[in-house]
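Have a look at final_8.cif below; it lists mmCIF, C-alpha atoms and all ligand atoms.
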```cif
data_protein
#
loop_
_atom_site.label_atom_id
_atom_site.label_comp_id
_atom_site.auth_asym_id
_atom_site.auth_seq_id
_atom_site.Cartn_x
_atom_site.Cartn_y
_atom_site.Cartn_z
CA MET A 196 7.80 137.52 29.74
CA ARG A 197 9.74 140.70 29.07
CA ILE A 198 13.33 140.48 30.31
CA GLY A 199 15.72 143.32 31.19
CA VAL A 200 19.39 142.35 31.56
CA LEU A 201 21.96 144.31 33.59
CA ALA A 202 25.56 143.51 32.64
CA SER A 203 29.09 144.75 33.26
CA GLY A 204 31.29 142.64 31.04
CA SER A 205 31.53 140.27 28.14
CA GLY A 206 27.90 139.24 28.32
CA SER A 207 28.21 135.57 27.46
CA ASN A 208 25.26 134.86 29.79
CA LEU A 209 23.29 137.59 28.05
CA GLN A 210 24.13 135.86 24.76
CA ALA A 211 22.79 132.56 26.11
CA LEU A 212 19.48 134.32 26.82
CA LEU A 213 19.41 136.02 23.41
CA ASP A 214 20.17 132.72 21.68
CA ARG A 215 17.30 130.93 23.37
CA PHE A 216 14.63 133.60 23.47
CA ASN A 217 15.30 136.32 20.88
CA LEU A 218 17.13 134.34 18.20
CA GLY A 219 15.92 130.84 19.14
CA ALA A 220 12.64 129.04 19.40
CA ASP A 221 11.54 129.49 23.03
CA PRO A 222 8.58 131.92 22.98
CA ALA A 223 8.24 132.09 26.79
CA ALA A 224 10.47 135.16 27.16
CA ARG A 225 12.23 137.92 25.24
CA VAL A 226 15.10 140.22 26.16
CA VAL A 227 13.80 143.75 25.58
CA LEU A 228 16.44 145.84 27.36
CA VAL A 229 20.14 145.64 28.20
CA ILE A 230 21.72 148.13 30.59
CA GLY A 231 25.50 148.21 30.77
CA SER A 232 27.37 149.59 33.76
CA ARG A 233 30.08 151.01 31.46
CA PRO A 234 30.25 152.10 27.84
CA GLY A 235 32.08 149.99 25.27
CA ILE A 236 31.49 146.61 26.87
CA ARG A 237 30.79 143.54 24.76
CA SER A 238 27.35 143.11 26.35
CA LEU A 239 26.18 146.29 24.61
CA GLU A 240 27.48 145.04 21.26
CA ARG A 241 25.60 141.78 21.75
CA ALA A 242 22.41 143.71 22.50
CA ALA A 243 22.84 145.87 19.40
CA ALA A 244 23.51 142.81 17.23
CA ALA A 245 20.23 141.31 18.44
CA THR A 246 18.43 144.67 17.93
CA VAL A 247 17.66 144.97 21.63
CA ARG A 248 17.52 148.43 23.24
CA ALA A 249 20.87 149.10 24.93
CA GLU A 250 21.57 151.74 27.59
CA VAL A 251 24.50 152.76 29.79
CA LEU A 252 24.22 153.85 33.42
CA PRO A 253 24.56 157.63 33.74
CA SER A 254 27.18 157.25 36.49
CA ALA A 255 29.42 155.36 34.06
CA LEU A 256 29.40 158.31 31.71
CA ASP A 257 30.65 160.68 34.38
CA PRO A 258 34.42 160.23 34.89
CA ALA A 259 34.25 161.66 38.39
CA GLY A 260 31.44 159.27 39.29
CA GLN A 261 29.46 162.18 40.68
CA VAL A 262 26.08 161.24 39.31
CA ALA A 263 25.55 157.82 40.90
CA GLU A 264 22.33 159.05 42.45
CA GLU A 265 20.99 159.42 38.93
CA ASP A 266 21.25 155.68 38.37
CA GLU A 267 18.17 154.86 40.42
CA PRO A 268 15.63 156.97 38.47
CA PHE A 269 17.39 156.00 35.25
CA LEU A 270 17.05 152.28 35.96
CA ARG A 271 13.43 152.66 37.00
CA ARG A 272 12.58 154.71 33.94
CA CYS A 273 14.27 152.32 31.47
CA LEU A 274 12.70 149.24 33.08
CA ALA A 275 9.25 150.86 33.14
CA GLU A 276 9.45 152.19 29.58
CA THR A 277 10.27 148.74 28.23
CA GLU A 278 7.71 147.08 30.52
CA VAL A 279 10.28 144.69 31.95
CA GLU A 280 8.73 141.92 34.05
CA LEU A 281 11.91 140.10 35.10
CA VAL A 282 15.32 141.70 35.68
CA VAL A 283 18.36 139.46 35.19
CA LEU A 284 21.75 140.45 36.61
CA ALA A 285 24.13 138.64 34.26
CA GLY A 286 27.66 139.46 35.34
CA TYR A 287 26.55 142.79 36.83
CA LEU A 288 29.13 144.04 39.29
CA ARG A 289 27.32 146.98 40.88
CA LEU A 290 24.95 147.04 43.80
CA VAL A 291 21.43 147.66 42.53
CA PRO A 292 19.85 150.68 44.31
CA ALA A 293 17.69 149.51 47.21
CA ALA A 294 14.53 151.14 45.85
CA VAL A 295 14.89 149.20 42.59
CA VAL A 296 15.49 145.96 44.50
CA ARG A 297 12.32 146.57 46.52
CA GLU A 298 10.28 147.40 43.44
CA TYR A 299 11.40 144.21 41.67
CA TRP A 300 11.41 141.91 44.73
CA GLY A 301 10.71 138.40 43.46
CA ARG A 302 11.18 139.68 39.91
CA MET A 303 14.96 140.16 39.85
CA ILE A 304 17.52 137.32 39.70
CA ASN A 305 21.30 137.18 39.82
CA ILE A 306 23.68 134.49 38.58
CA HIS A 307 26.76 133.74 40.68
CA PRO A 308 29.63 131.42 39.73
CA ALA A 309 29.78 129.42 43.00
CA LEU A 310 27.49 127.55 45.37
CA LEU A 311 26.14 130.33 47.61
CA PRO A 312 26.26 131.09 50.47
CA SER A 313 29.92 130.09 50.02
CA PHE A 314 32.21 132.39 48.05
CA GLY A 315 29.77 135.28 47.72
CA GLY A 316 29.54 138.85 48.95
CA GLN A 317 31.03 142.15 47.96
CA GLY A 318 34.23 141.82 45.92
CA MET A 319 33.55 138.15 45.14
CA TYR A 320 33.05 138.14 41.41
CA GLY A 321 34.47 136.56 38.28
CA ARG A 322 37.97 135.08 38.57
CA ARG A 323 38.30 135.95 42.26
CA VAL A 324 35.56 133.48 43.09
CA HIS A 325 37.35 130.60 41.36
CA GLU A 326 40.70 131.54 42.91
CA ALA A 327 39.10 131.46 46.36
CA VAL A 328 37.47 128.07 45.66
CA LEU A 329 40.84 126.61 44.58
CA ALA A 330 42.72 128.21 47.49
CA ARG A 331 40.30 126.58 49.90
CA GLY A 332 40.74 123.16 48.30
CA CYS A 333 37.04 122.69 47.51
CA LYS A 334 36.21 119.59 45.52
CA VAL A 335 32.87 120.87 44.25
CA THR A 336 31.82 124.34 43.18
CA GLY A 337 28.97 125.35 40.89
CA VAL A 338 26.42 127.93 39.86
CA THR A 339 23.72 129.65 41.91
CA ILE A 340 20.77 131.67 40.67
CA HIS A 341 18.94 133.62 43.37
CA PHE A 342 16.37 136.35 43.78
CA VAL A 343 18.08 139.65 44.51
CA SER A 344 17.78 141.19 47.95
CA GLU A 345 19.42 144.29 49.36
CA GLU A 346 22.54 142.37 50.41
CA TYR A 347 25.08 141.07 47.88
CA ASP A 348 24.49 137.40 47.01
CA ARG A 349 22.14 136.73 49.94
CA GLY A 350 18.65 136.48 48.40
CA PRO A 351 16.54 133.28 48.23
CA VAL A 352 18.06 130.58 46.01
CA VAL A 353 16.13 129.63 42.86
CA ALA A 354 18.47 126.99 41.42
CA GLN A 355 21.95 125.56 41.85
CA TRP A 356 24.09 123.22 39.83
CA PRO A 357 27.34 121.57 40.94
CA VAL A 358 30.62 121.54 39.02
CA PRO A 359 33.44 119.24 40.16
CA VAL A 360 36.83 120.84 40.87
CA LEU A 361 39.51 118.77 39.14
CA GLU A 362 43.01 118.22 40.44
CA GLU A 363 44.57 119.96 37.44
CA ASP A 364 42.23 123.00 37.52
CA ASP A 365 43.44 126.57 37.60
CA ALA A 366 41.10 129.58 37.85
CA SER A 367 40.73 129.80 34.06
CA SER A 368 39.86 126.16 33.44
CA LEU A 369 37.45 126.14 36.37
CA ALA A 370 35.82 129.41 35.25
CA GLY A 371 35.36 127.93 31.78
CA ARG A 372 33.55 124.82 33.03
CA VAL A 373 31.42 126.84 35.45
CA LEU A 374 30.52 129.26 32.66
CA GLU A 375 29.33 126.38 30.43
CA VAL A 376 26.89 125.43 33.18
CA GLU A 377 25.82 129.07 33.61
CA HIS A 378 24.92 129.23 29.92
CA ARG A 379 22.59 126.25 30.33
CA LEU A 380 21.17 126.98 33.78
CA LEU A 381 20.30 130.65 33.29
CA PRO A 382 18.07 130.25 30.20
CA ALA A 383 16.44 127.18 31.78
CA VAL A 384 15.60 129.14 34.94
CA VAL A 385 14.35 132.20 33.04
CA SER A 386 12.13 129.92 30.97
CA ALA A 387 10.82 128.26 34.15
CA ILE A 388 10.03 131.64 35.76
CA ALA A 389 8.33 132.82 32.55
CA ARG A 390 6.22 129.64 32.54
CA ARG A 391 5.29 130.23 36.21
CA ARG A 392 6.92 126.96 37.26
CA VAL A 393 8.90 128.71 39.97
CA ALA A 394 8.26 131.85 41.99
CA LEU A 395 9.04 133.54 45.27
CA ALA A 396 6.26 132.69 47.73
CA PRO A 397 4.92 135.27 50.23
CA ASP A 398 6.80 133.46 53.04
CA GLY A 399 10.09 134.33 51.27
CA ARG A 400 10.80 130.78 50.07
CA VAL A 401 11.22 129.75 46.47
CA ARG A 402 8.58 127.26 45.33
CA TRP A 403 8.91 125.04 42.28
CA THR A 404 6.09 123.12 40.68
CA GLY A 405 7.80 120.03 39.34
CA SER A 406 11.56 120.21 39.25
CA LEU A 407 14.15 121.89 37.09
CA PHE A 408 16.07 118.67 37.05
CA ARG A 409 15.53 115.10 36.04
CA THR A 410 16.27 113.64 39.42
CA GLU A 411 17.84 110.43 38.16
CA ARG A 412 20.30 112.41 36.06
CA PHE A 413 21.05 114.84 38.83
CA ALA A 414 22.12 111.86 40.92
CA ALA A 415 24.46 110.61 38.19
CA VAL A 416 28.23 110.54 38.46
CA PRO A 417 29.81 114.02 38.30
CA GLY A 418 30.97 114.91 34.83
CA GLU A 419 29.32 114.46 31.50
CA GLY A 420 26.30 112.66 32.90
CA TRP A 421 24.99 115.83 34.55
CA THR A 422 22.37 117.53 32.49
CA ILE A 423 19.96 120.40 32.97
CA GLU A 424 16.63 119.81 31.36
CA PRO A 425 13.31 121.30 32.38
CA GLU A 426 10.83 118.44 32.68
C1 LIG B 501 29.78 135.11 35.13
O1 LIG B 501 30.63 134.04 35.48
C2 LIG B 501 28.87 135.47 36.27
O2 LIG B 501 28.44 134.37 37.03
C3 LIG B 501 29.79 136.33 37.10
O3 LIG B 501 30.44 137.14 36.16
C4 LIG B 501 30.58 136.40 34.94
C5 LIG B 501 30.05 137.23 33.81
O4 LIG B 501 30.30 136.64 32.58
N1 LIG B 501 29.06 137.09 38.06
C6 LIG B 501 29.54 137.35 39.28
O5 LIG B 501 30.63 136.99 39.65
C7 LIG B 501 28.58 138.14 40.17
N2 LIG B 501 29.02 138.10 41.53
P1 LIG B 501 29.55 137.13 31.27
O6 LIG B 501 29.66 138.65 31.23
O7 LIG B 501 30.31 136.51 30.14
O8 LIG B 501 28.14 136.65 31.34
#
```

Give the structure from this file in structure tokens form.
Ligand code: GAR
Amino acid sequence: MRIGVLASGSGSNLQALLDRFNLGADPAARVVLVIGSRPGIRSLERAAAATVRAEVLPSALDPAGQVAEEDEPFLRRCLAETEVELVVLAGYLRLVPAAVVREYWGRMINIHPALLPSFGGQGMYGRRVHEAVLARGCKVTGVTIHFVSEEYDRGPVVAQWPVPVLEEDDASSLAGRVLEVEHRLLPAVVSAIARRRVALAPDGRVRWTGSLFRTERFAAVPGEGWTIEPE
């Protein structure tokens, strides 16, 4: 399956995909396109290092931000030219134009560093999410991967994985542990979608054949015993 990744920042999730599919041994998928929302970000360097086509949104190149309407045809053209079959938003902080969301409905996923529908929505990204989780006193947070709809963080959930909040956590330590899970969950889910083990059904619900998780391990004590392994 041909994967297009949209990214805004460091791109460690992009790297997890590159490591498994482009540089590693899983033949189910391949990253063929990376689009950055700004020039100079590490995600674009990672794409170049893996010899993947890298592009920057036209609006990011215009200091006055006057050309945002050009992003929609640009995205569609890049995705079509590279024959992308699944779009992955990996730390992408912009709203995807509605027409692109509609065109890729059921074929576009987003990764979010909390258990949606909690701690999502516009402005809830990166460190802010973890600060909000800590401020609320939550004992469990986690990672959500969902199909993208026209509203921020509201599309049908594909997979989730919990991460315990520890007494001594600050936003950085929590972000680090959540990110470790992201790096395992995202490639596992992309591989499952590429192998047609999970898809968005016509009724709008996500259907798995088999499970992403080994149930007995999922039920294990929070901490090191939790593993993500496609069956
Ligand atoms: C990740 O934690 C991702 O879940 C989050 O941004 C980070 C990007 O890291 N995304 C959001 O908060 C989206 N609402 P990365 O650039 O190193 O992959």

Per-residue nearest contacts of region 319-361 of chain A to region 384-396 of chain A (10 Å; only C-alpha atoms) as JSON lines:
```
{"residue": "A:Ile340", "atom": "CA", "partner": "A:Val384", "partner_atom": "CA", "distance": 8.1}
{"residue": "A:Phe342", "atom": "CA", "partner": "A:Leu395", "partner_atom": "CA", "distance": 8.0}
{"residue": "A:Pro351", "atom": "CA", "partner": "A:Leu395", "partner_atom": "CA", "distance": 8.1}
{"residue": "A:Val352", "atom": "CA", "partner": "A:Leu395", "partner_atom": "CA", "distance": 9.5}
{"residue": "A:Val353", "atom": "CA", "partner": "A:Val393", "partner_atom": "CA", "distance": 7.8}
{"residue": "A:Ala354", "atom": "CA", "partner": "A:Val384", "partner_atom": "CA", "distance": 7.4}
```

Excluding same-chain residues fewer than 6 positions from region 220-231 of chain A, what lies within 8 Å of it counting only C-alpha atoms, as an mmCIF file with C-alpha atoms, in the frame of the given file?
```cif
data_model
loop_
_atom_site.group_PDB
_atom_site.id
_atom_site.type_symbol
_atom_site.label_atom_id
_atom_site.label_comp_id
_atom_site.auth_asym_id
_atom_site.auth_seq_id
_atom_site.Cartn_x
_atom_site.Cartn_y
_atom_site.Cartn_z
ATOM 1 C CA MET A 196 7.800 137.520 29.740
ATOM 2 C CA ARG A 197 9.740 140.700 29.070
ATOM 3 C CA ILE A 198 13.330 140.480 30.310
ATOM 4 C CA GLY A 199 15.720 143.320 31.190
ATOM 5 C CA VAL A 200 19.390 142.350 31.560
ATOM 6 C CA LEU A 201 21.960 144.310 33.590
ATOM 7 C CA ALA A 202 25.560 143.510 32.640
ATOM 8 C CA SER A 203 29.090 144.750 33.260
ATOM 9 C CA LEU A 212 19.480 134.320 26.820
ATOM 10 C CA LEU A 213 19.410 136.020 23.410
ATOM 11 C CA SER A 238 27.350 143.110 26.350
ATOM 12 C CA LEU A 239 26.180 146.290 24.610
ATOM 13 C CA ALA A 242 22.410 143.710 22.500
ATOM 14 C CA VAL A 247 17.660 144.970 21.630
ATOM 15 C CA ARG A 248 17.520 148.430 23.240
ATOM 16 C CA ALA A 249 20.870 149.100 24.930
ATOM 17 C CA GLU A 250 21.570 151.740 27.590
ATOM 18 C CA VAL A 251 24.500 152.760 29.790
ATOM 19 C CA LEU A 252 24.220 153.850 33.420
ATOM 20 C CA CYS A 273 14.270 152.320 31.470
ATOM 21 C CA LEU A 274 12.700 149.240 33.080
ATOM 22 C CA THR A 277 10.270 148.740 28.230
ATOM 23 C CA VAL A 279 10.280 144.690 31.950
ATOM 24 C CA VAL A 385 14.350 132.200 33.040
ATOM 25 C CA SER A 386 12.130 129.920 30.970
ATOM 26 C CA ALA A 389 8.330 132.820 32.550
ATOM 27 C CA ARG A 390 6.220 129.640 32.540
#
```

Q: Can you work out the spacing between CA of Arg302 (chain A) and CA of Val401 (chain A) in Å, to one decimal?
A: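 Calculated distance between CA of Arg302 (chain A) and CA of Val401 (chain A) is 11.9 Å.
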
Q. Quick one: of A:Tyr287, A:Tyr299, A:Phe216, A:Phe314, who's nearest to ligand LIG 501 (chain B), counting all atoms listed in the file?
A.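 Ranked by minimum distance to ligand LIG 501 (chain B), first place goes to A:Tyr287.
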
Q) Which one of A:Val324, A:Ala293, A:Leu361, A:Leu369 sits closest to ligand LIG 501 (chain B) if you count only C-alpha atoms and all ligand atoms? A)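 Smallest distance to ligand LIG 501 (chain B) is found for A:Val324.
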
Taking all atoms of ligand LIG 501 (chain B) that the file lists and extending 3 Å past them on each side, where is the centre of the axis-aligned box and how long are its edges? Answer in Å to one decimal, as JSON.
```
{"center_x": 29.4, "center_y": 136.3, "center_z": 35.8, "size_x": 8.5, "size_y": 10.6, "size_z": 17.4}
```

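Proximity to ligand LIG 501 (chain B) was assessed for A:Ala245, A:Ile304, A:Ala255, A:Val282 counting only C-alpha atoms and all ligand atoms; the smallest distance is recorded for A:Ile304.
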
Q: Step by step, measure atom-to-atom distances between ligand LIG 501 (chain B) and each residue using all atoms listed in the file, keep those at most 10 Å, then write them as a VMD selection string.
A: chain A and resid 201 to 211 236 to 238 284 to 289 305 to 309 314 to 325 337 to 340 347 to 348 370 to 378 381

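Residues with any atom within 6 Å of the point (29.5, 119.0, 41.3), counting all atoms listed in the file, are A:Val335, A:Pro357, A:Val358, A:Pro359, A:Pro417.
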
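In this structure, CA of Leu281 (chain A) sits 14.2 Å away from CA of Ser344 (chain A).
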
**Q.** Point-to-point distance in Å for CA of Val360 (chain A) and CA of Ser313 (chain A)
**A.**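 Computing it gives 14.7 Å between the two atoms.
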
(Q) Restricting the calculation to all atoms listed in the file: of A:Glu265, A:Glu346, A:Asp365, A:Leu270, which residue gets closest to Glu326 (chain A)? (A)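 So, comparing all the options, the nearest one is A:Asp365.
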
(Q) If we count only C-alpha atoms and set the cut-off at 8 Å, which residues sit around Ala263 (chain A), ignoring sequence neighbours fewer than 3 positions away in its own chain? Please answer as a PyMOL selection string. (A) chain A and resi 253-254+260+266-267
